[in-house]
>>> print(open('coords20.txt').read())   # compact mmCIF, C-alpha atoms
# COMPACT_ATOMS: atom_id res chain seq x y z
CA MET A 1400 158.53 42.24 104.96
CA ALA A 1401 157.89 45.12 102.57
CA SER A 1402 159.34 48.54 103.34
CA GLY A 1403 157.09 51.52 103.96
CA ARG A 1404 158.12 52.97 100.59
CA ASN A 1405 157.17 49.76 98.77
CA VAL A 1406 153.81 49.63 100.54
CA ARG A 1407 153.19 53.28 99.66
CA GLU A 1408 153.99 52.59 95.98
CA GLN A 1409 151.77 49.49 96.07
CA ILE A 1410 148.93 51.61 97.46
CA LEU A 1411 149.43 54.30 94.83
CA ARG A 1412 149.37 51.74 92.00
CA ALA A 1413 146.24 50.16 93.48
CA ALA A 1414 144.61 53.58 93.81
CA VAL A 1415 145.24 54.33 90.13
CA GLU A 1416 143.76 50.96 89.15
CA ALA A 1417 140.75 51.34 91.45
CA ALA A 1418 140.12 54.94 90.37
CA THR A 1419 140.37 53.88 86.72
CA ALA A 1420 137.68 51.27 87.40
CA HIS A 1421 135.40 53.29 89.71
CA GLY A 1422 136.27 56.95 89.12
CA ILE A 1423 137.38 59.38 91.81
CA THR A 1424 133.91 60.26 93.06
CA LYS A 1425 132.94 56.64 93.73
CA LEU A 1426 136.40 55.53 94.83
CA SER A 1427 136.51 54.24 98.38
CA MET A 1428 139.43 53.51 100.64
CA GLY A 1429 138.07 49.95 100.86
CA ASP A 1430 138.36 49.61 97.06
CA VAL A 1431 141.99 50.69 97.22
CA ALA A 1432 142.81 48.41 100.15
CA ARG A 1433 141.27 45.42 98.34
CA GLN A 1434 143.08 46.25 95.10
CA ALA A 1435 146.38 46.56 97.01
CA GLY A 1436 145.76 43.35 98.98
CA LEU A 1437 146.16 45.26 102.24
CA SER A 1438 144.00 45.97 105.24
CA ARG A 1439 142.21 49.30 105.51
CA GLN A 1440 144.22 49.91 108.67
CA THR A 1441 147.46 49.65 106.70
CA LEU A 1442 146.07 51.96 104.05
CA TYR A 1443 145.07 54.56 106.64
CA ARG A 1444 148.50 54.31 108.23
CA HIS A 1445 149.97 55.64 104.99
CA PHE A 1446 147.12 57.94 103.89
CA PRO A 1447 144.82 59.41 106.54
CA SER A 1448 142.04 60.24 104.08
CA LYS A 1449 140.80 59.74 100.56
CA ASP A 1450 141.78 63.33 99.75
CA ALA A 1451 145.35 62.70 100.93
CA LEU A 1452 145.49 59.54 98.83
CA ILE A 1453 144.17 61.31 95.73
CA ALA A 1454 146.66 64.15 96.20
CA ALA A 1455 149.49 61.62 96.44
CA VAL A 1456 148.26 59.78 93.33
CA VAL A 1457 148.07 63.04 91.37
CA ALA A 1458 151.60 64.01 92.46
CA SER A 1459 153.02 60.56 91.71
CA GLU A 1460 151.38 60.26 88.30
CA THR A 1461 152.42 63.80 87.40
CA ASP A 1462 156.02 63.01 88.41
CA SER A 1463 155.98 59.91 86.19
CA LEU A 1464 154.58 61.80 83.22
CA ILE A 1465 157.07 64.63 83.70
CA ALA A 1466 159.98 62.18 83.83
CA GLU A 1467 158.80 60.61 80.57
CA VAL A 1468 158.47 64.00 78.88
CA VAL A 1469 161.80 65.33 80.11
CA GLY A 1470 163.49 62.10 79.00
CA ALA A 1471 162.03 62.44 75.51
CA GLY A 1472 163.68 65.80 74.96
CA ALA A 1473 166.83 65.34 77.02
CA GLY A 1474 169.04 63.69 74.42
CA LEU A 1475 168.54 66.35 71.75
CA ASP A 1476 170.96 69.27 71.42
CA ASP A 1477 168.76 71.58 69.39
CA PRO A 1478 166.28 73.35 71.73
CA ARG A 1479 163.53 73.34 69.09
CA ASP A 1480 163.90 69.58 68.46
CA SER A 1481 164.01 68.96 72.20
CA LEU A 1482 160.84 70.97 72.80
CA GLU A 1483 159.07 69.24 69.94
CA ALA A 1484 160.00 65.78 71.23
CA ALA A 1485 158.96 66.70 74.77
CA VAL A 1486 155.60 68.15 73.72
CA LEU A 1487 154.88 65.13 71.53
CA ALA A 1488 155.77 62.79 74.41
CA ALA A 1489 153.51 64.79 76.74
CA LEU A 1490 150.57 64.57 74.37
CA ARG A 1491 151.03 60.84 73.81
CA ALA A 1492 151.52 60.06 77.49
CA THR A 1493 148.47 61.98 78.61
CA ARG A 1494 146.27 60.57 75.85
CA ASP A 1495 147.36 57.02 76.72
CA HIS A 1496 146.95 57.37 80.50
CA PRO A 1497 143.92 55.22 81.44
CA LEU A 1498 142.96 57.12 84.60
CA LEU A 1499 143.29 60.53 82.99
CA ASP A 1500 141.29 59.33 80.00
CA ARG A 1501 138.49 58.01 82.23
CA LEU A 1502 138.32 61.16 84.32
CA ILE A 1503 138.22 63.42 81.28
CA ARG A 1504 135.33 61.39 79.87
CA THR A 1505 133.32 60.77 83.04
CA GLU A 1506 134.36 63.16 85.83
CA PRO A 1507 135.92 66.33 84.44
CA GLU A 1508 134.57 68.29 87.40
CA ALA A 1509 136.76 66.23 89.75
CA LEU A 1510 139.81 66.52 87.55
CA LEU A 1511 139.88 70.10 86.36
CA PRO A 1512 140.62 71.81 89.70
CA LEU A 1513 143.66 69.53 90.08
CA LEU A 1514 144.96 70.33 86.62
CA ILE A 1515 144.17 73.81 85.44
CA THR A 1516 144.10 76.09 88.46
CA ASP A 1517 147.24 78.15 89.04
CA GLY A 1518 147.43 76.91 92.61
CA GLY A 1519 146.70 73.33 91.60
CA PRO A 1520 149.38 70.71 92.16
CA VAL A 1521 149.70 69.63 88.55
CA MET A 1522 150.16 73.12 87.11
CA ALA A 1523 152.76 73.91 89.78
CA GLN A 1524 154.72 70.71 89.03
CA VAL A 1525 154.57 71.17 85.28
CA ARG A 1526 155.52 74.86 85.47
CA ALA A 1527 158.54 74.11 87.68
CA VAL A 1528 159.87 71.56 85.20
CA VAL A 1529 159.19 73.75 82.18
CA GLU A 1530 160.90 76.70 83.90
CA ALA A 1531 163.97 74.57 84.58
CA ILE A 1532 164.10 73.39 80.97
CA VAL A 1533 163.62 76.90 79.61
CA ASP A 1534 166.32 78.23 81.98
CA GLU A 1535 168.71 75.56 80.74
CA ARG A 1536 167.88 75.63 77.03
CA VAL A 1537 166.82 79.19 76.19
CA VAL A 1538 169.64 81.30 77.61
CA SER A 1539 169.10 84.27 75.27
CA LEU A 1540 165.87 85.35 76.98
CA ASP A 1541 165.71 87.73 79.91
CA PRO A 1542 164.19 86.29 83.13
CA VAL A 1543 160.75 87.86 82.64
CA ARG A 1544 160.39 86.47 79.12
CA ARG A 1545 161.68 83.07 80.22
CA ARG A 1546 159.05 82.97 82.97
CA ARG A 1547 156.33 83.98 80.51
CA LEU A 1548 157.45 81.34 78.00
CA ALA A 1549 157.45 78.69 80.75
CA ASP A 1550 153.97 79.78 81.83
CA ILE A 1551 152.59 79.63 78.28
CA VAL A 1552 154.13 76.22 77.56
CA SER A 1553 152.88 74.85 80.89
CA ARG A 1554 149.35 76.04 80.26
CA LEU A 1555 149.37 74.65 76.74
CA LEU A 1556 150.65 71.25 77.88
CA VAL A 1557 148.05 70.93 80.62
CA SER A 1558 145.30 72.26 78.36
CA TYR A 1559 146.15 69.79 75.60
CA ALA A 1560 146.35 66.97 78.14
CA VAL A 1561 142.79 67.70 79.17
CA SER A 1562 141.35 68.54 75.79
CA ALA A 1563 143.53 67.51 72.87
CA PRO A 1564 142.27 68.56 69.45
>>> encode(input="coords20.txt", output="structure tokens")
Amino acid sequence: MASGRNVREQILRAAVEAATAHGITKLSMGDVARQAGLSRQTLYRHFPSKDALIAAVVASETDSLIAEVVGAGAGLDDPRDSLEAAVLAALRATRDHPLLDRLIRTEPEALLPLLITDGGPVMAQVRAVVEAIVDERVVSLDPVRRRRLADIVSRLLVSYAVSAP
């Protein structure tokens, strides 16, 4: 029997696949349950609503992208090289993400509040990671300038993810 964590991950993967196929607006809990090979009852046991499921998908996908980006810059000693590798990884990962690509093309109105608002979950996650990296790598800056640098880099990363030149 699968553990609750495995079922949750299975549901999240199925939600990404179903949302990539149908979009967020037309996504139904039934679509996700079918894609996951689970009953709707099981799905609702883990996620009480479509909004809760979407929030969990956004958080999970953001965590995965952040891990990829942090990993790209982690092995480099020079802060400039590390930042360059991380930014490049972020741009590639977001451009290659099928759900993000679909939503940017077809449903930007559903996506933008999740990504670009200061209180949005993605901006908060990205800013926290960037702040940690800046704190670790750029020790010569005072705390206010470090926070400003982290804010600028976070906004640029999210902005480029949504609308790369």
>>> closest_residue(input="coords20.txt", among="A:Leu1452, A:Val1537, A:Ala1523, A:Thr1493", to="Arg1479 in chain A", atoms="only C-alpha atoms")
A:Val1537
>>> residues_around(input="coords20.txt", residues="Glu1530 in chain A", least_positions_apart="5", cutoff="8 Å", atoms="all atoms listed in the file", output="CSV table (one decimal) with C-alpha atoms, keeping the file's coordinate frame")
chain,number,residue,atom,x,y,z
A,1545,ARG,CA,161.7,83.1,80.2
A,1546,ARG,CA,159.0,83.0,83.0
A,1549,ALA,CA,157.4,78.7,80.8
A,1550,ASP,CA,154.0,79.8,81.8
>>> closest_residue(input="coords20.txt", among="A:Val1469, A:Ala1432, A:Leu1426, A:Ala1458", to="Leu1487 in chain A", atoms="only C-alpha atoms")
A:Val1469
>>> closest_residue(input="coords20.txt", among="A:Leu1411, A:Val1406, A:Ala1435, A:Ala1455", to="Pro1520 in chain A", atoms="all atoms listed in the file")
A:Ala1455
>>> residues_around(input="coords20.txt", residues="Val1468 in chain A", least_positions_apart="3", cutoff="9 Å", atoms="only C-alpha atoms", output="PyMOL selection string")
chain A and resi 1463-1465+1471-1473+1484-1489+1492
>>> write_last_selection(input="coords20.txt", atoms="C-alpha atoms", output="CSV table (one decimal), in the frame of the given file")
chain,number,residue,atom,x,y,z
A,1463,SER,CA,156.0,59.9,86.2
A,1464,LEU,CA,154.6,61.8,83.2
A,1465,ILE,CA,157.1,64.6,83.7
A,1471,ALA,CA,162.0,62.4,75.5
A,1472,GLY,CA,163.7,65.8,75.0
A,1473,ALA,CA,166.8,65.3,77.0
A,1484,ALA,CA,160.0,65.8,71.2
A,1485,ALA,CA,159.0,66.7,74.8
A,1486,VAL,CA,155.6,68.2,73.7
A,1487,LEU,CA,154.9,65.1,71.5
A,1488,ALA,CA,155.8,62.8,74.4
A,1489,ALA,CA,153.5,64.8,76.7
A,1492,ALA,CA,151.5,60.1,77.5
>>> decode(input="coords20.txt", residues="range 1481-1497 of chain A", atoms="all heavy atoms", output="PDB file, in the first residue's frame")
ATOM      1  N   SER A1481      28.882  31.762  -9.717  1.00  0.00           N
ATOM      2  CA  SER A1481      27.764  31.049  -9.095  1.00  0.00           C
ATOM      3  C   SER A1481      26.435  31.690  -9.462  1.00  0.00           C
ATOM      4  O   SER A1481      25.475  31.009  -9.832  1.00  0.00           O
ATOM      5  CB  SER A1481      27.952  31.036  -7.577  1.00  0.00           C
ATOM      6  OG  SER A1481      26.898  30.375  -6.953  1.00  0.00           O
ATOM      7  N   LEU A1482      26.378  33.017  -9.369  1.00  0.00           N
ATOM      8  CA  LEU A1482      25.150  33.738  -9.715  1.00  0.00           C
ATOM      9  C   LEU A1482      24.822  33.550 -11.189  1.00  0.00           C
ATOM     10  O   LEU A1482      23.665  33.297 -11.548  1.00  0.00           O
ATOM     11  CB  LEU A1482      25.289  35.220  -9.383  1.00  0.00           C
ATOM     12  CG  LEU A1482      24.085  36.090  -9.706  1.00  0.00           C
ATOM     13  CD1 LEU A1482      22.852  35.642  -8.929  1.00  0.00           C
ATOM     14  CD2 LEU A1482      24.393  37.554  -9.415  1.00  0.00           C
ATOM     15  N   GLU A1483      25.820  33.642 -12.037  1.00  0.00           N
ATOM     16  CA  GLU A1483      25.599  33.461 -13.468  1.00  0.00           C
ATOM     17  C   GLU A1483      25.054  32.069 -13.778  1.00  0.00           C
ATOM     18  O   GLU A1483      24.092  31.918 -14.540  1.00  0.00           O
ATOM     19  CB  GLU A1483      26.903  33.690 -14.236  1.00  0.00           C
ATOM     20  CG  GLU A1483      26.740  33.604 -15.736  1.00  0.00           C
ATOM     21  CD  GLU A1483      28.046  33.844 -16.476  1.00  0.00           C
ATOM     22  OE1 GLU A1483      28.837  34.691 -16.047  1.00  0.00           O
ATOM     23  OE2 GLU A1483      28.258  33.169 -17.501  1.00  0.00           O
ATOM     24  N   ALA A1484      25.650  31.046 -13.170  1.00  0.00           N
ATOM     25  CA  ALA A1484      25.180  29.674 -13.401  1.00  0.00           C
ATOM     26  C   ALA A1484      23.757  29.487 -12.882  1.00  0.00           C
ATOM     27  O   ALA A1484      22.928  28.832 -13.527  1.00  0.00           O
ATOM     28  CB  ALA A1484      26.128  28.680 -12.734  1.00  0.00           C
ATOM     29  N   ALA A1485      23.466  30.069 -11.736  1.00  0.00           N
ATOM     30  CA  ALA A1485      22.133  29.935 -11.152  1.00  0.00           C
ATOM     31  C   ALA A1485      21.076  30.641 -12.000  1.00  0.00           C
ATOM     32  O   ALA A1485      19.995  30.093 -12.246  1.00  0.00           O
ATOM     33  CB  ALA A1485      22.132  30.476  -9.726  1.00  0.00           C
ATOM     34  N   VAL A1486      21.383  31.858 -12.448  1.00  0.00           N
ATOM     35  CA  VAL A1486      20.430  32.598 -13.275  1.00  0.00           C
ATOM     36  C   VAL A1486      20.188  31.869 -14.592  1.00  0.00           C
ATOM     37  O   VAL A1486      19.050  31.724 -15.043  1.00  0.00           O
ATOM     38  CB  VAL A1486      20.906  34.051 -13.516  1.00  0.00           C
ATOM     39  CG1 VAL A1486      20.073  34.741 -14.586  1.00  0.00           C
ATOM     40  CG2 VAL A1486      20.848  34.842 -12.212  1.00  0.00           C
ATOM     41  N   LEU A1487      21.256  31.383 -15.202  1.00  0.00           N
ATOM     42  CA  LEU A1487      21.116  30.639 -16.455  1.00  0.00           C
ATOM     43  C   LEU A1487      20.260  29.382 -16.245  1.00  0.00           C
ATOM     44  O   LEU A1487      19.373  29.084 -17.057  1.00  0.00           O
ATOM     45  CB  LEU A1487      22.497  30.265 -17.000  1.00  0.00           C
ATOM     46  CG  LEU A1487      22.540  29.722 -18.412  1.00  0.00           C
ATOM     47  CD1 LEU A1487      21.925  30.679 -19.412  1.00  0.00           C
ATOM     48  CD2 LEU A1487      23.982  29.422 -18.800  1.00  0.00           C
ATOM     49  N   ALA A1488      20.501  28.673 -15.160  1.00  0.00           N
ATOM     50  CA  ALA A1488      19.698  27.482 -14.851  1.00  0.00           C
ATOM     51  C   ALA A1488      18.232  27.856 -14.632  1.00  0.00           C
ATOM     52  O   ALA A1488      17.326  27.139 -15.072  1.00  0.00           O
ATOM     53  CB  ALA A1488      20.257  26.766 -13.622  1.00  0.00           C
ATOM     54  N   ALA A1489      17.990  28.978 -13.963  1.00  0.00           N
ATOM     55  CA  ALA A1489      16.613  29.425 -13.723  1.00  0.00           C
ATOM     56  C   ALA A1489      15.906  29.726 -15.034  1.00  0.00           C
ATOM     57  O   ALA A1489      14.753  29.326 -15.244  1.00  0.00           O
ATOM     58  CB  ALA A1489      16.614  30.659 -12.830  1.00  0.00           C
ATOM     59  N   LEU A1490      16.591  30.425 -15.921  1.00  0.00           N
ATOM     60  CA  LEU A1490      15.980  30.769 -17.205  1.00  0.00           C
ATOM     61  C   LEU A1490      15.690  29.532 -18.031  1.00  0.00           C
ATOM     62  O   LEU A1490      14.616  29.401 -18.625  1.00  0.00           O
ATOM     63  CB  LEU A1490      16.873  31.741 -17.973  1.00  0.00           C
ATOM     64  CG  LEU A1490      17.059  33.111 -17.324  1.00  0.00           C
ATOM     65  CD1 LEU A1490      18.040  33.953 -18.122  1.00  0.00           C
ATOM     66  CD2 LEU A1490      15.727  33.825 -17.162  1.00  0.00           C
ATOM     67  N   ARG A1491      16.642  28.605 -18.066  1.00  0.00           N
ATOM     68  CA  ARG A1491      16.417  27.370 -18.830  1.00  0.00           C
ATOM     69  C   ARG A1491      15.286  26.541 -18.234  1.00  0.00           C
ATOM     70  O   ARG A1491      14.429  26.032 -18.959  1.00  0.00           O
ATOM     71  CB  ARG A1491      17.698  26.543 -18.870  1.00  0.00           C
ATOM     72  CG  ARG A1491      18.712  27.082 -19.818  1.00  0.00           C
ATOM     73  CD  ARG A1491      19.914  26.160 -19.927  1.00  0.00           C
ATOM     74  NE  ARG A1491      20.861  26.701 -20.866  1.00  0.00           N
ATOM     75  CZ  ARG A1491      22.166  26.724 -20.674  1.00  0.00           C
ATOM     76  NH1 ARG A1491      22.685  26.207 -19.579  1.00  0.00           N
ATOM     77  NH2 ARG A1491      22.962  27.242 -21.581  1.00  0.00           N
ATOM     78  N   ALA A1492      15.300  26.385 -16.923  1.00  0.00           N
ATOM     79  CA  ALA A1492      14.292  25.550 -16.264  1.00  0.00           C
ATOM     80  C   ALA A1492      12.889  26.114 -16.447  1.00  0.00           C
ATOM     81  O   ALA A1492      11.940  25.367 -16.708  1.00  0.00           O
ATOM     82  CB  ALA A1492      14.619  25.401 -14.784  1.00  0.00           C
ATOM     83  N   THR A1493      12.757  27.414 -16.333  1.00  0.00           N
ATOM     84  CA  THR A1493      11.419  27.993 -16.483  1.00  0.00           C
ATOM     85  C   THR A1493      10.958  27.973 -17.936  1.00  0.00           C
ATOM     86  O   THR A1493       9.780  27.761 -18.209  1.00  0.00           O
ATOM     87  CB  THR A1493      11.355  29.430 -15.922  1.00  0.00           C
ATOM     88  OG1 THR A1493      12.361  30.237 -16.530  1.00  0.00           O
ATOM     89  CG2 THR A1493      11.542  29.429 -14.413  1.00  0.00           C
ATOM     90  N   ARG A1494      11.864  28.172 -18.864  1.00  0.00           N
ATOM     91  CA  ARG A1494      11.495  28.111 -20.285  1.00  0.00           C
ATOM     92  C   ARG A1494      11.116  26.698 -20.698  1.00  0.00           C
ATOM     93  O   ARG A1494      10.302  26.513 -21.591  1.00  0.00           O
ATOM     94  CB  ARG A1494      12.645  28.600 -21.182  1.00  0.00           C
ATOM     95  CG  ARG A1494      12.901  30.077 -21.146  1.00  0.00           C
ATOM     96  CD  ARG A1494      11.763  30.890 -21.745  1.00  0.00           C
ATOM     97  NE  ARG A1494      10.871  31.283 -20.667  1.00  0.00           N
ATOM     98  CZ  ARG A1494       9.635  31.713 -20.803  1.00  0.00           C
ATOM     99  NH1 ARG A1494       9.101  31.831 -21.969  1.00  0.00           N
ATOM    100  NH2 ARG A1494       8.901  32.025 -19.775  1.00  0.00           N
ATOM    101  N   ASP A1495      11.718  25.697 -20.085  1.00  0.00           N
ATOM    102  CA  ASP A1495      11.469  24.306 -20.457  1.00  0.00           C
ATOM    103  C   ASP A1495      10.333  23.652 -19.674  1.00  0.00           C
ATOM    104  O   ASP A1495      10.009  22.495 -19.919  1.00  0.00           O
ATOM    105  CB  ASP A1495      12.746  23.468 -20.253  1.00  0.00           C
ATOM    106  CG  ASP A1495      13.850  23.860 -21.213  1.00  0.00           C
ATOM    107  OD1 ASP A1495      13.549  24.504 -22.241  1.00  0.00           O
ATOM    108  OD2 ASP A1495      15.019  23.534 -20.939  1.00  0.00           O
ATOM    109  N   HIS A1496       9.735  24.372 -18.741  1.00  0.00           N
ATOM    110  CA  HIS A1496       8.684  23.781 -17.906  1.00  0.00           C
ATOM    111  C   HIS A1496       7.365  23.775 -18.687  1.00  0.00           C
ATOM    112  O   HIS A1496       6.834  24.838 -19.026  1.00  0.00           O
ATOM    113  CB  HIS A1496       8.533  24.586 -16.616  1.00  0.00           C
ATOM    114  CG  HIS A1496       7.767  23.867 -15.573  1.00  0.00           C
ATOM    115  ND1 HIS A1496       6.399  23.762 -15.611  1.00  0.00           N
ATOM    116  CD2 HIS A1496       8.178  23.199 -14.476  1.00  0.00           C
ATOM    117  CE1 HIS A1496       5.996  23.072 -14.563  1.00  0.00           C
ATOM    118  NE2 HIS A1496       7.053  22.711 -13.859  1.00  0.00           N
ATOM    119  N   PRO A1497       6.817  22.602 -18.995  1.00  0.00           N
ATOM    120  CA  PRO A1497       5.643  22.552 -19.880  1.00  0.00           C
ATOM    121  C   PRO A1497       4.402  23.249 -19.316  1.00  0.00           C
ATOM    122  O   PRO A1497       3.679  23.909 -20.070  1.00  0.00           O
ATOM    123  CB  PRO A1497       5.399  21.051 -20.075  1.00  0.00           C
ATOM    124  CG  PRO A1497       6.156  20.366 -19.004  1.00  0.00           C
ATOM    125  CD  PRO A1497       7.257  21.290 -18.577  1.00  0.00           C
TER     126      PRO A1497
END
